[in-house]
Amino acid sequence: MPDRDGTTATHDPDDPLALGEYRPGATAVLTDAERWPTLDAAAAARLDRWRSHPAAPAWVHATGDRLTAEAVERTRRPLPLAGWMDEHLAIARRLPFYRGMTGLESLADFPLIGRSDLVSDVSAFVPLDADLDRLLHGTSSGSTGAALVIPDDVEEVARGFHLLVDLVRRAGVEWRPDAERMALVWVLQQRQAFTYVSVISGFAHRAMARVNLDERAWRVASDRSLFLADADPQVISGNPTSLAELLRDDLRSIVRPLALFSGAMALAAPLRAELEAAFACPVIDVYGLHETRPIAARTDDGPFRVLDRRVHVEVVDAAGRPLPEGGVGELVVTAGENPLLPLVRYRTGDVGRLVRLADGAVGIADLEGREHTEFVTGAGGRIPSVDLTQQLQTYGARGWAVVQAPDGAVEVTIAGGDAARVRRALQALLDQRVVVTRVERLIDLGEGKPRRFVSHAAPRPA
């Protein structure tokens, strides 16, 4: 949070990297009655219990769902899908961004847009008649670009929780309020993070929390396990780095989730298998962006299933031309769940191909994210990063960073797995010198979203 002189101050004199925006309570502005209009005495007591729990971390923020009783009921139901695309395009044509453009009759007539368009002027994508009383704002740091402030809709955010409940049910598990167990714990592992405890109005006012597993977030090391043991979360959500931390000796025996959700980063098959074995529950891998909301999900290592909601996926080539089903290219998403940010043909920067699943649904296969990179072989040929992924997963790596130097040499860091076998496999695949370093934990690869694949080598001219 900026000081009066406009600078961002640290809040810990012993930590020169501490940022003022993460000072506990620095950004809290609403009262509890405003955060939870339906809050009753039992829910208030539940909230107070977790806010003041003796082993709780220092909560950085305070946030609520802001739902009235009527809104709680509306958000229990998914948005209707009949005719949604026509309605969505009609709204989009009136957005300031498209002012002056003609011929926008069908989806294909709309130009591709990208993150830079939102960074330049996100307000140009907000409908002029939007209900700003329902506005929240979230931030997305992205993987490759400037930070972006995103207008979130309170009802859409709440509806997203019920999507998770439905995905758990589809995985064969019923998720209902259970005594005083926390309904959901969202785990992170990074140096500083927004953390908070809240209650979910549409889930019997059961508690949820956003928790940083980094040891620096806790007063003493033992508090982390004490808090999670008492919270006993029904469902845990995080990215592969934070979920892998649950496998540590002080945590794996004390949490008993009904399901785990993974997102934000690629989930390697060996890590999925280890999580499934440790917690005997479904591991649901969700693909999506903050801008688009969830797009697809899977409960195994096959293709992602595009969700049955207001989302449409295309694949385009390097020139932005649509590719037929099965063609590998950039994923482009039209997203109509968030009424404050109706996106049409948004370039994700992620790479994959569309396939038809056995039941006729649309799937996304070979999703390599922004890390789709071609490596140069000793003979000057090109090898796509997905081929390296297959080898790395086969030999047990739960995460990795692969960097090819201009001279073709390859340095690999793997979290877990068999370093010797990985080295032999990649050396045979690439016919280049390969050096492999093994670390124990995903977090040792770096905080946030470390680049999985980078190549600085250029193929030889044909």
# chains A, B, ... in the order shown; residues from 1 in each chain; ligands from 1
$ select_by_dssp --residues "region 118-197 of chain A" --states "strand (DSSP E or B)" --output "ChimeraX atom specification"
/A:135-140,148-153,184-188,196-197
$ write_last_selection --atoms "C-alpha atoms" --output "short mmCIF file (atom, residue, chain, number, x, y, z; two decimals), in the first residue's frame"
data_model
loop_
_atom_site.label_atom_id
_atom_site.label_comp_id
_atom_site.auth_asym_id
_atom_site.auth_seq_id
_atom_site.Cartn_x
_atom_site.Cartn_y
_atom_site.Cartn_z
CA LEU A 135 -17.46 -5.09 -8.69
CA LEU A 136 -14.45 -6.66 -7.02
CA HIS A 137 -10.97 -6.29 -8.38
CA GLY A 138 -8.37 -8.98 -8.66
CA THR A 139 -4.86 -8.89 -10.01
CA SER A 140 -3.06 -11.21 -12.40
CA LEU A 148 -3.28 -6.64 -14.79
CA VAL A 149 -6.16 -5.45 -12.63
CA ILE A 150 -9.25 -7.48 -13.51
CA PRO A 151 -12.85 -6.49 -12.75
CA ASP A 152 -14.46 -9.44 -10.96
CA ASP A 153 -18.17 -9.88 -10.37
CA LEU A 184 -11.88 -25.10 1.43
CA VAL A 185 -8.26 -24.15 2.01
CA TRP A 186 -6.40 -22.50 -0.84
CA VAL A 187 -2.69 -23.08 -0.32
CA LEU A 188 0.18 -21.06 -1.74
CA TYR A 196 -7.28 -14.36 4.72
CA VAL A 197 -10.02 -16.35 6.39
#
$ residues_around --residues "Cys281 (chain A)" --least-positions-apart "5" --cutoff "10 Å" --atoms "only C-alpha atoms" --output "list in words"
Val168, Ala171, Gly172, Val173, Val235, Arg256, Pro257, Leu258, Ala259, Leu260, Leu275 and Glu276 of chain A
$ write_last_selection --atoms "C-alpha atoms" --output "PDB file, in the first residue's frame"
ATOM      1  CA  VAL A 168     -15.894 -32.939  -7.097  1.00  0.00           C
ATOM      2  CA  ALA A 171     -15.323 -37.163  -9.721  1.00  0.00           C
ATOM      3  CA  GLY A 172     -17.492 -39.417  -7.560  1.00  0.00           C
ATOM      4  CA  VAL A 173     -17.373 -37.599  -4.222  1.00  0.00           C
ATOM      5  CA  VAL A 235     -10.985 -29.682  -0.128  1.00  0.00           C
ATOM      6  CA  ARG A 256      -7.634 -35.836   4.730  1.00  0.00           C
ATOM      7  CA  PRO A 257      -9.126 -34.003   1.751  1.00  0.00           C
ATOM      8  CA  LEU A 258     -12.128 -35.211  -0.214  1.00  0.00           C
ATOM      9  CA  ALA A 259     -10.405 -33.815  -3.316  1.00  0.00           C
ATOM     10  CA  LEU A 260      -7.458 -31.718  -4.407  1.00  0.00           C
ATOM     11  CA  LEU A 275      -0.821 -36.997  -4.398  1.00  0.00           C
ATOM     12  CA  GLU A 276      -3.469 -39.595  -5.255  1.00  0.00           C
TER      13      GLU A 276
END
$ residues_around --residues "Ser225 (chain A)" --least-positions-apart "6" --cutoff "9 Å" --atoms "only C-alpha atoms" --output "mmCIF file with C-alpha atoms, in the first residue's frame"
data_model
loop_
_atom_site.group_PDB
_atom_site.id
_atom_site.type_symbol
_atom_site.label_atom_id
_atom_site.label_comp_id
_atom_site.auth_asym_id
_atom_site.auth_seq_id
_atom_site.Cartn_x
_atom_site.Cartn_y
_atom_site.Cartn_z
ATOM 1 C CA ALA A 55 -1.800 -21.271 15.517
ATOM 2 C CA ASP A 250 4.503 -32.706 8.987
ATOM 3 C CA LEU A 251 1.475 -32.341 6.690
ATOM 4 C CA ILE A 254 -2.816 -34.643 9.146
#
$ residues_around --residues "Arg252 (chain A)" --least-positions-apart "3" --cutoff "10 Å" --atoms "only C-alpha atoms" --output "list in words"
Ser225, Ala244, Glu245, Leu246, Leu247, Arg248, Asp249, Val255, Arg256, Leu275, Ala278 and Phe279 of chain A
$ write_last_selection --atoms "N, CA and C atoms" --output "CSV table (one decimal), in the first residue's frame"
chain,number,residue,atom,x,y,z
A,225,SER,N,1.3,-27.1,10.9
A,225,SER,CA,0.6,-28.3,11.0
A,225,SER,C,-0.5,-28.3,12.0
A,244,ALA,N,2.5,-30.0,-3.6
A,244,ALA,CA,3.7,-30.9,-3.3
A,244,ALA,C,4.1,-30.7,-1.9
A,245,GLU,N,4.0,-29.5,-1.3
A,245,GLU,CA,4.4,-29.3,0.1
A,245,GLU,C,3.5,-30.1,1.0
A,246,LEU,N,2.3,-30.5,0.6
A,246,LEU,CA,1.4,-31.3,1.5
A,246,LEU,C,2.0,-32.7,1.7
A,247,LEU,N,3.0,-33.1,0.8
A,247,LEU,CA,3.6,-34.4,1.0
A,247,LEU,C,4.7,-34.4,2.0
A,248,ARG,N,5.0,-33.2,2.6
A,248,ARG,CA,6.0,-33.2,3.6
A,248,ARG,C,5.6,-33.9,4.9
A,249,ASP,N,6.5,-34.4,5.6
A,249,ASP,CA,6.2,-35.3,6.8
A,249,ASP,C,5.2,-34.7,7.8
A,255,VAL,N,-3.8,-34.1,7.0
A,255,VAL,CA,-4.9,-33.6,6.2
A,255,VAL,C,-5.6,-34.8,5.5
A,256,ARG,N,-6.9,-34.7,5.3
A,256,ARG,CA,-7.6,-35.8,4.7
A,256,ARG,C,-8.7,-35.3,3.8
A,275,LEU,N,0.3,-37.6,-5.2
A,275,LEU,CA,-0.8,-37.0,-4.4
A,275,LEU,C,-2.0,-37.9,-4.2
A,278,ALA,N,-1.0,-40.6,-1.7
A,278,ALA,CA,-0.9,-40.1,-0.3
A,278,ALA,C,-2.2,-39.8,0.3
A,279,PHE,N,-3.2,-39.3,-0.5
A,279,PHE,CA,-4.4,-38.8,0.1
A,279,PHE,C,-5.7,-39.5,-0.3
$ closest_residue --among "A:Glu174, A:Glu180, A:Glu368, A:Asp117" --to "Ala43 (chain A)" --atoms "only C-alpha atoms"
A:Glu180
$ closest_residue --among "A:Val315, A:Leu67, A:Val454, A:Leu430" --to "Pro37 (chain A)" --atoms "only C-alpha atoms"
A:Leu67
